[in-house]
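Asker: Here you go, one structure.
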Amino acid sequence: MALAFEDTSGEPSERCALLAPATLETLESEELAPCADVIGELPLSGGRVAAVQVWGGDAQVRLTGDTLFLTGTDAGWRVVAAGCRPRPEGPYDCQVEGS
């Protein structure tokens with residue numbers, strides 16, 4: 001699922017459908033455009049899966065070039081944050097995240 005979201009050759013609307021509702025809403029609000037129009041411009045580095053950690057209904061997927069945070073929904077796993085980089089102190093800094 002994380003790889004499908006990061007796949008820039010994928011159909012934009014299908015990639016947007018993998019976002020959690022709050023993340024989709026925040027992205028469209030910040031970009032002032034529909035997700036499908038802007039998702040291809042996001043600085044997502046992708047790569048191979050390096051590690052996965054699951055905590056109940058939440059997960060972190062570390063790719064070789066990116067880190068994503070997921071949440072479990074009735075429709076399956078959805079991306080709550082992507083384009084995330086660790087900071088020396090504090091939480092990750094993410095290019096895409098819900099409010």
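Residues in the structure tokens are numbered from 1 in each chain, the chains being A, B, ... in the order shown, and ligands are numbered from 1 in the order shown.
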Tell me, as a count of residues only, which residues lie within 10 Å of segment 16-32 of chain A, counting only C-alpha atoms; anything in the same chain fewer than 3 positions away does not count.

Answerer: 29

Asker: Return as a PyMOL selection string the full set of residues in chain A whose backbone-based DSSP assignment is strand (DSSP E).

Answerer: chain A and resi 49-55+58-63+67-73+76-85+93-97

Asker: I need the residues from that last selection saved to file as a PDB file, in the first residue's frame (with C-alpha atoms), if you can.

Answerer:
```pdb
ATOM      1  CA  VAL A  49      10.553  -1.129   2.103  1.00  0.00           C
ATOM      2  CA  ALA A  50      13.275  -0.984   4.760  1.00  0.00           C
ATOM      3  CA  ALA A  51      11.155  -1.542   7.898  1.00  0.00           C
ATOM      4  CA  VAL A  52       7.559  -1.700   9.100  1.00  0.00           C
ATOM      5  CA  GLN A  53       6.340  -1.172  12.654  1.00  0.00           C
ATOM      6  CA  VAL A  54       2.717  -1.614  13.702  1.00  0.00           C
ATOM      7  CA  TRP A  55       1.157  -0.307  16.924  1.00  0.00           C
ATOM      8  CA  ASP A  58      -1.305   2.633  13.380  1.00  0.00           C
ATOM      9  CA  ALA A  59       1.894   1.873  11.479  1.00  0.00           C
ATOM     10  CA  GLN A  60       5.145   3.374  10.279  1.00  0.00           C
ATOM     11  CA  VAL A  61       6.610   2.269   6.953  1.00  0.00           C
ATOM     12  CA  ARG A  62      10.210   3.244   6.346  1.00  0.00           C
ATOM     13  CA  LEU A  63      11.218   3.160   2.706  1.00  0.00           C
ATOM     14  CA  THR A  67       8.888   7.423   5.819  1.00  0.00           C
ATOM     15  CA  LEU A  68       5.091   7.118   5.891  1.00  0.00           C
ATOM     16  CA  PHE A  69       2.657   6.892   8.784  1.00  0.00           C
ATOM     17  CA  LEU A  70      -0.525   4.858   8.283  1.00  0.00           C
ATOM     18  CA  THR A  71      -3.763   4.289  10.125  1.00  0.00           C
ATOM     19  CA  GLY A  72      -6.133   1.366   9.870  1.00  0.00           C
ATOM     20  CA  THR A  73      -9.644   2.179   8.624  1.00  0.00           C
ATOM     21  CA  GLY A  76      -7.892  -0.766   4.992  1.00  0.00           C
ATOM     22  CA  TRP A  77      -4.650   1.073   5.684  1.00  0.00           C
ATOM     23  CA  ARG A  78      -4.574   4.769   4.740  1.00  0.00           C
ATOM     24  CA  VAL A  79      -1.690   7.286   4.680  1.00  0.00           C
ATOM     25  CA  VAL A  80      -1.863   9.925   7.423  1.00  0.00           C
ATOM     26  CA  ALA A  81       1.594  11.379   6.702  1.00  0.00           C
ATOM     27  CA  ALA A  82       4.214  10.989   3.957  1.00  0.00           C
ATOM     28  CA  GLY A  83       7.438  12.583   2.879  1.00  0.00           C
ATOM     29  CA  CYS A  84       8.535  12.403   6.515  1.00  0.00           C
ATOM     30  CA  ARG A  85      12.060  13.031   7.743  1.00  0.00           C
ATOM     31  CA  ASP A  93       8.761  16.714   9.658  1.00  0.00           C
ATOM     32  CA  CYS A  94       6.309  15.586   6.948  1.00  0.00           C
ATOM     33  CA  GLN A  95       5.531  17.055   3.527  1.00  0.00           C
ATOM     34  CA  VAL A  96       1.996  15.626   3.598  1.00  0.00           C
ATOM     35  CA  GLU A  97       0.014  15.225   6.819  1.00  0.00           C
TER      36      GLU A  97
END
```

Asker: Based on the backbone DSSP call, show me all residues of chain A assigned alpha helix (DSSP H), as an mmCIF file with C-alpha atoms, in the first residue's frame.

Answerer:
```cif
data_model
loop_
_atom_site.group_PDB
_atom_site.id
_atom_site.type_symbol
_atom_site.label_atom_id
_atom_site.label_comp_id
_atom_site.auth_asym_id
_atom_site.auth_seq_id
_atom_site.Cartn_x
_atom_site.Cartn_y
_atom_site.Cartn_z
ATOM 1 C CA ALA A 2 2.805 2.436 0.888
ATOM 2 C CA LEU A 3 4.596 1.541 -2.339
ATOM 3 C CA ALA A 4 1.417 2.145 -4.370
ATOM 4 C CA PHE A 5 1.029 5.577 -2.786
ATOM 5 C CA GLU A 6 4.645 6.509 -3.558
ATOM 6 C CA PRO A 12 -3.342 10.098 -9.366
ATOM 7 C CA SER A 13 -6.917 9.437 -8.221
ATOM 8 C CA GLU A 14 -5.957 5.954 -6.995
ATOM 9 C CA ARG A 15 -2.999 7.393 -5.068
ATOM 10 C CA CYS A 16 -5.273 10.041 -3.514
ATOM 11 C CA PRO A 21 -9.725 11.594 4.941
ATOM 12 C CA ALA A 22 -8.164 14.286 7.175
ATOM 13 C CA THR A 23 -4.893 14.112 5.237
ATOM 14 C CA LEU A 24 -6.700 14.421 1.905
ATOM 15 C CA GLU A 25 -8.663 17.404 3.200
ATOM 16 C CA THR A 26 -5.533 19.134 4.519
ATOM 17 C CA LEU A 27 -3.605 18.542 1.282
ATOM 18 C CA GLU A 28 -6.376 19.974 -0.894
ATOM 19 C CA SER A 29 -6.847 22.925 1.451
ATOM 20 C CA GLU A 30 -3.132 23.772 1.530
ATOM 21 C CA GLU A 31 -2.615 23.307 -2.215
ATOM 22 C CA CYS A 35 -5.448 16.011 -4.801
ATOM 23 C CA ALA A 36 -5.282 14.349 -8.238
ATOM 24 C CA ASP A 37 -3.973 17.611 -9.714
ATOM 25 C CA VAL A 38 -1.118 18.011 -7.213
#
```
